[in-house]
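Reviewing the structure listed below.
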Amino acid sequence: MKARTLKKDKVNIITMGCSKNLVDSEVLLTQLKGNGIEASHESGSQDNNIVIINTCGFIDNAKQESIDTILQYVEAKDKGLVDKVYVTGCLSQRYKDDLEKEIPQVDAYFGTRDLPALLKKFKADYKHELVGERLLTHNAHYAYMKISEGCDRPCSFCAIPLMRGGHVSRPIEDLVKEAEHKAANGTKELLLIAQDSTYYGLDLYKKRNLAELMRRLSDVEGIDWIRLHYAYPTGFPMDVIEVMKERDNICNYLDIPLQHGSTSVLKTMRRGTTREKQEALIHSIRDLIPEIAIRTTLITGHPGEGEKEYEEMVDFVERMKFERLGVFTYSHEENTHAHSMEDNIPEEVKQQRANTLMEVQEQISFDLNQEKVGETFKVLIDKKENGYFVGRTEFDSVEVDNEVLIDASQHYCRIGDFVQAEITDATEFDLYGMVV
């Protein structure tokens with residue numbers, strides 16, 4: 001009899017959802033490789049025999065996409081194309097019991113904080129010495145940095161605390177070490193992310209310590225841009241804006257999800273603020289840094305949003321003239337506070353309201369972009385696509401904001417490099433530039 005040759009395991013990690021999930025997948029990838037296990041992220045190769053799906057459970061569409069992906073790989077397992085399917089992440093954390101019943105072909109389900117248990121399936125240990133040495137799944141010139149996990153806020157519509165638990169900050173020393181490692185490996189831009197970045201430090205240092213963290217990261221040699229995401233507006237620490245103003249390598253950019261422009265809906269949402277307070281905060285920030293780009297997100301169709309409240313939100317957007325805006329429709333999520341309220345606004349009305357808001361924003365964005373024509377900006381080149389080098393100014397984050405398009409037949413740029421680009425033309429969401 002011939003002895004059977006044992007095939008070496010090859011792991012493919014699939015990531016659904018947001019940048020916070022991407023960071024978790026990168027940590028998992030780093031730990032697997034650090035334990036000598038062959039692993040890749042979203043590999044197109046056919047020879048991966050183990051699949052780990054890092055799911056999203058945030059809203060209905062994301063949940064469905066995660067379930068479809070699980071079913072796709074379970075079917076591949078049934079056909080003998082893969083040996084094992086593991087599921088981790090937010091959907092798995094939130095609906096583990098249901099998933100085990102409905103899709104029992106999955107070999108094991110893990111929650112958002114179960115990395116050591118997942119590694120044990122590979123006879124691997126969590127290696128603390130790899131903290132800060134995260135492998136990236138994209139070009140190395142930018143990197144997401146998760147500064148904390150979980151959230152303590154009581155927002156009515158949000159299921160994140162159910163999936164991610166309470167707020168836990170990462171120590172400043174660990175984050176600085178990670179930034180130094182990234183800089184040594186070619187990272188020029190750090191994108192700070194968290195469920196709630198302005199809560200940073202309250203658990204570890206008994207005070208909001210985001211400004212100090214940004215100052216320490218700003219001191220790391222080789223980091224040219226630091227960008228702040230997901231800053232909760234209630235109790236916003238203005239010393240963050242002071243640090244942004246004093247440090248050249250902290251981008252004049254703030255992602256601050258406001259969620260609504262009607263005081264009554266904000267109260268129903270349990271946001272702990274009013275429209276007037278939000279407007280005052282935006283004015284205070286712009287008074288300190290007039291050139292700042294503010295990105296926000298809004299939700300249409302939350303319970304309690306009548307025509308009057310919706311019109312208040314339209315007026316809010318028209319008055320505030322946000323540089324960047326994303327709009328989501330309300331999703332009625334089990335076990336959230338809002339789930340006890342009646343979800344009585346039809347989906348098509350929610351979507352129509354979202355579309356109208358984005359039409360208002362398109363005009364605002366077009367007018368603001370037209371003002372940039374003739375100006376010169378420092379641009380970080382992300383990729384080459386459709387005959388253009390595609391980059392971003394300090395006022396734009398990866399994938400969600402405006403891009404600068406530079407004609408590749410006229411100019412040569414290296415991906416990951418900064419160039420000075422003069423803006424020659426502009427549309428609602430794109431700038432066209434030439435290297436100067």
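Letters for chains follow the order of the structure tokens (A, B, ...), residue numbers begin at 1 for each chain, and ligand numbers begin at 1 in the order shown.
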
Taking 4 positions as the minimum chain separation for residues in the same chain, which residues sit within 9 Å of Tyr232 of chain A when counting only C-alpha atoms? Answer as an NGL selection string. :A and (195-199 or 236 or 255-258)

Would you export the selected residues with N, CA, C and O atoms as a short mmCIF file (atom, residue, chain, number, x, y, z; two decimals), in the first residue's frame, please?
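Result file out_12.cif:
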data_model
loop_
_atom_site.label_atom_id
_atom_site.label_comp_id
_atom_site.auth_asym_id
_atom_site.auth_seq_id
_atom_site.Cartn_x
_atom_site.Cartn_y
_atom_site.Cartn_z
N GLN A 195 -14.77 51.97 17.04
CA GLN A 195 -16.22 52.17 17.04
C GLN A 195 -16.53 53.59 17.50
O GLN A 195 -17.49 54.19 17.06
N ASP A 196 -15.70 54.11 18.40
CA ASP A 196 -15.88 55.47 18.93
C ASP A 196 -14.51 55.99 19.32
O ASP A 196 -14.02 55.72 20.41
N SER A 197 -13.89 56.75 18.43
CA SER A 197 -12.49 57.14 18.67
C SER A 197 -12.36 58.20 19.76
O SER A 197 -11.33 58.28 20.44
N THR A 198 -13.38 59.04 19.98
CA THR A 198 -13.24 60.11 20.97
C THR A 198 -13.35 59.60 22.41
O THR A 198 -13.04 60.31 23.35
N TYR A 199 -13.79 58.35 22.58
CA TYR A 199 -13.84 57.73 23.90
C TYR A 199 -12.47 57.17 24.29
O TYR A 199 -12.29 56.70 25.41
N PHE A 236 -17.36 65.89 22.52
CA PHE A 236 -16.18 65.88 21.64
C PHE A 236 -15.01 66.63 22.29
O PHE A 236 -15.15 67.77 22.72
N ASP A 255 -13.78 62.67 10.48
CA ASP A 255 -14.96 61.85 10.22
C ASP A 255 -15.77 61.81 11.51
O ASP A 255 -15.34 61.22 12.50
N ILE A 256 -16.92 62.49 11.50
CA ILE A 256 -17.71 62.65 12.72
C ILE A 256 -19.17 62.30 12.43
O ILE A 256 -19.93 63.12 11.95
N PRO A 257 -19.58 61.05 12.67
CA PRO A 257 -20.94 60.62 12.32
C PRO A 257 -21.99 61.34 13.17
O PRO A 257 -22.06 61.13 14.38
N LEU A 258 -22.81 62.18 12.54
CA LEU A 258 -23.82 62.96 13.27
C LEU A 258 -25.19 62.28 13.27
O LEU A 258 -26.01 62.52 14.15
#

Residues within 8 Å of Val317 of chain A, please, as JSON, numbers by chain. Count only C-alpha atoms; anything in the same chain fewer than 2 positions from it doesn't count. {"A": [261, 313, 314, 315, 319, 320, 321, 322, 357, 360, 361]}

For those residues, write N, CA, C and O atoms to a file as a compact mmCIF listing (two decimals), in the first residue's frame.
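Written output follows (result_6.txt):
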# COMPACT_ATOMS: atom_id res chain seq x y z
N GLY A 261 -30.31 65.43 11.63
CA GLY A 261 -30.32 66.89 11.76
C GLY A 261 -31.56 67.41 12.45
O GLY A 261 -31.83 68.61 12.43
N MET A 313 -33.57 67.75 8.48
CA MET A 313 -32.26 67.16 8.14
C MET A 313 -31.75 67.72 6.80
O MET A 313 -30.56 68.01 6.66
N VAL A 314 -32.65 67.88 5.83
CA VAL A 314 -32.25 68.47 4.54
C VAL A 314 -31.71 69.88 4.78
O VAL A 314 -30.65 70.28 4.27
N ASP A 315 -32.42 70.65 5.59
CA ASP A 315 -32.00 72.01 5.91
C ASP A 315 -30.65 72.01 6.62
O ASP A 315 -29.78 72.85 6.36
N ARG A 319 -27.34 73.89 5.30
CA ARG A 319 -26.70 74.92 6.13
C ARG A 319 -25.25 74.58 6.47
O ARG A 319 -24.37 75.45 6.44
N MET A 320 -24.99 73.32 6.78
CA MET A 320 -23.66 72.92 7.25
C MET A 320 -22.66 72.75 6.11
O MET A 320 -21.46 72.85 6.31
N LYS A 321 -23.17 72.42 4.91
CA LYS A 321 -22.29 72.24 3.74
C LYS A 321 -21.08 71.34 4.08
O LYS A 321 -19.92 71.75 3.99
N PHE A 322 -21.39 70.11 4.46
CA PHE A 322 -20.33 69.16 4.78
C PHE A 322 -19.50 68.87 3.53
O PHE A 322 -20.04 68.72 2.43
N LEU A 357 -31.24 63.53 -0.23
CA LEU A 357 -30.13 64.11 0.54
C LEU A 357 -28.83 64.09 -0.26
O LEU A 357 -28.06 65.06 -0.25
N VAL A 360 -28.72 66.79 -2.83
CA VAL A 360 -28.34 68.07 -2.20
C VAL A 360 -26.83 68.11 -2.00
O VAL A 360 -26.15 69.11 -2.31
N GLN A 361 -26.27 66.98 -1.52
CA GLN A 361 -24.84 66.92 -1.26
C GLN A 361 -24.02 67.01 -2.55
O GLN A 361 -22.95 67.61 -2.56

All residues 10 Å or closer to Glu333 of chain A, only C-alpha atoms, same chain fewer than 5 positions away omitted, as a count of residues only: 11

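Atom to atom, atom CA of Asp125 of chain A and atom CA of Ser148 of chain A stand 22.5 Å apart.
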
Measuring atom to atom with only C-alpha atoms, identify which of A:Thr427, A:Asn54, A:Gln410, A:Gln278 is nearest to Gln363 of chain A. A:Thr427

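The gap separating atom CA of Val390 of chain A from atom CA of Leu405 of chain A is 4.9 Å, in Å to one decimal.
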
Find the spatial neighbours of Glu246 of chain A, counting only C-alpha atoms, within a cut-off of 12 Å - ignore same-chain residues fewer than 4 positions away - and output them as a list in words.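 Using only C-alpha atoms, the neighbours found are Ala211, Met214, Arg215, Ser218, Asp239, Val240, Ile241, Glu242, Ile250, Cys251, Asn252, Leu288 and Ile289 of chain A.
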
Selected residues written out, N, CA and C atoms, as a JSON list (two decimals), in the first residue's frame:
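File selection_10.json, as written:
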[["chain", "number", "residue", "atom", "x", "y", "z"],
["A", 211, "ALA", "N", -6.10, 63.06, 22.05],
["A", 211, "ALA", "CA", -5.15, 64.10, 21.64],
["A", 211, "ALA", "C", -3.71, 63.67, 21.94],
["A", 214, "MET", "N", -2.64, 61.01, 19.44],
["A", 214, "MET", "CA", -2.32, 61.60, 18.13],
["A", 214, "MET", "C", -0.97, 62.32, 18.16],
["A", 215, "ARG", "N", -0.68, 62.97, 19.28],
["A", 215, "ARG", "CA", 0.61, 63.65, 19.42],
["A", 215, "ARG", "C", 1.76, 62.64, 19.37],
["A", 218, "SER", "N", 2.12, 61.21, 15.93],
["A", 218, "SER", "CA", 2.66, 62.27, 15.05],
["A", 218, "SER", "C", 4.19, 62.37, 15.15],
["A", 239, "ASP", "N", -9.45, 69.38, 22.35],
["A", 239, "ASP", "CA", -7.98, 69.37, 22.29],
["A", 239, "ASP", "C", -7.48, 68.55, 21.09],
["A", 240, "VAL", "N", -8.33, 67.67, 20.56],
["A", 240, "VAL", "CA", -7.99, 66.91, 19.35],
["A", 240, "VAL", "C", -7.79, 67.88, 18.17],
["A", 241, "ILE", "N", -8.68, 68.87, 18.07],
["A", 241, "ILE", "CA", -8.59, 69.86, 16.98],
["A", 241, "ILE", "C", -7.35, 70.74, 17.17],
["A", 242, "GLU", "N", -7.03, 71.04, 18.43],
["A", 242, "GLU", "CA", -5.81, 71.83, 18.72],
["A", 242, "GLU", "C", -4.57, 71.09, 18.23],
["A", 250, "ILE", "N", -0.79, 65.66, 10.80],
["A", 250, "ILE", "CA", -2.16, 65.24, 11.09],
["A", 250, "ILE", "C", -3.08, 65.93, 10.10],
["A", 251, "CYS", "N", -3.79, 65.13, 9.32],
["A", 251, "CYS", "CA", -4.62, 65.67, 8.23],
["A", 251, "CYS", "C", -5.72, 66.58, 8.79],
["A", 252, "ASN", "N", -5.99, 67.65, 8.06],
["A", 252, "ASN", "CA", -7.12, 68.51, 8.38],
["A", 252, "ASN", "C", -8.39, 67.84, 7.87],
["A", 288, "LEU", "N", -11.50, 77.01, 14.29],
["A", 288, "LEU", "CA", -10.10, 76.69, 14.61],
["A", 288, "LEU", "C", -9.31, 76.30, 13.35],
["A", 289, "ILE", "N", -9.95, 75.50, 12.47],
["A", 289, "ILE", "CA", -9.28, 75.07, 11.23],
["A", 289, "ILE", "C", -10.25, 75.30, 10.06]]

For the structure I just gave you, how does DSSP split segment 247-306 of chain A - specifically, which residues are alpha helix (DSSP H)? Reply as a list in words.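 Of segment 247-306 of chain A, the ones in alpha helix (DSSP H) are Thr263, Ser264, Val265, Leu266, Lys267, Thr268, Arg275, Glu276, Lys277, Gln278, Glu279, Ala280, Leu281, Ile282, His283, Ser284, Ile285, Arg286, Asp287 and Leu288 of chain A.
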
Neighbours of Asp68 of chain A within 12 Å (only C-alpha atoms; same-chain residues fewer than 4 positions away dropped), as a VMD selection string? chain A and resid 16 53 55 to 56 61 to 64 72 to 75 103

Preceding selection exported with C-alpha atoms as a compact mmCIF listing (two decimals), in the first residue's frame:
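Generated file (selection.txt):
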# COMPACT_ATOMS: atom_id res chain seq x y z
CA MET A 16 -16.82 41.18 4.75
CA ILE A 53 -14.91 33.99 6.62
CA THR A 55 -18.42 38.29 8.63
CA CYS A 56 -20.32 41.56 9.00
CA ASN A 61 -27.68 43.95 3.32
CA ALA A 62 -24.34 43.23 5.01
CA LYS A 63 -25.80 40.28 6.90
CA GLN A 64 -27.22 38.79 3.70
CA GLN A 72 -20.97 29.61 -1.20
CA TYR A 73 -18.06 28.05 0.70
CA VAL A 74 -20.22 25.43 2.40
CA GLU A 75 -21.29 24.33 -1.09
CA ILE A 103 -25.76 26.10 8.51

Quick one: of A:Lys79, A:Arg164, A:Arg295, A:Lys120, who's nearest to Leu91 of chain A, counting only C-alpha atoms?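 Among the listed residues, the smallest separation from Leu91 of chain A belongs to A:Arg164.
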
Mind checking which residues fall within 12 Å of Ile406 of chain A, counting only C-alpha atoms, ignoring those fewer than 3 positions away in the same chain, and posting them as JSON, numbers by chain? {"A": [379, 380, 381, 382, 383, 384, 385, 386, 387, 388, 389, 390, 391, 392, 403, 409, 410, 411, 412, 413, 414, 419, 420, 421, 422, 423, 424, 425, 426, 430, 431, 432, 433, 434, 435, 436]}

If we count only C-alpha atoms, what is near Ala108 of chain A at a cut-off of 10 Å, once residues fewer than 5 positions away on the same chain are taken out, given as a list in words?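 Surrounding residues, per the criterion: Ile52, Lys84, Val85, Tyr86, Val87, Thr88, Ser92, Lys96, Glu100, Leu118 and Lys121 of chain A.
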
Check segment 118-255 of chain A with DSSP on the backbone and list each residue it calls strand (DSSP E or B), as number ranges by chain. A: 142-146, 148-149, 168-169, 189-193, 225-228, 250-255

From the list A:Leu119, A:His181, A:Glu428, A:Val168, which residue is nearest Gly34 of chain A when using only C-alpha atoms? A:Leu119

Find the residue from A:Asp107, A:Glu276, A:Glu291, A:Asp343 that sits nearest to Met244 of chain A; use only C-alpha atoms when measuring. A:Glu291

Residue among A:Thr187, A:Asn209, A:Gln31, A:Ser43 lying closest to Arg170 of chain A, counting only C-alpha atoms: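 Using only C-alpha atoms, the shortest distance to Arg170 of chain A belongs to A:Asn209.
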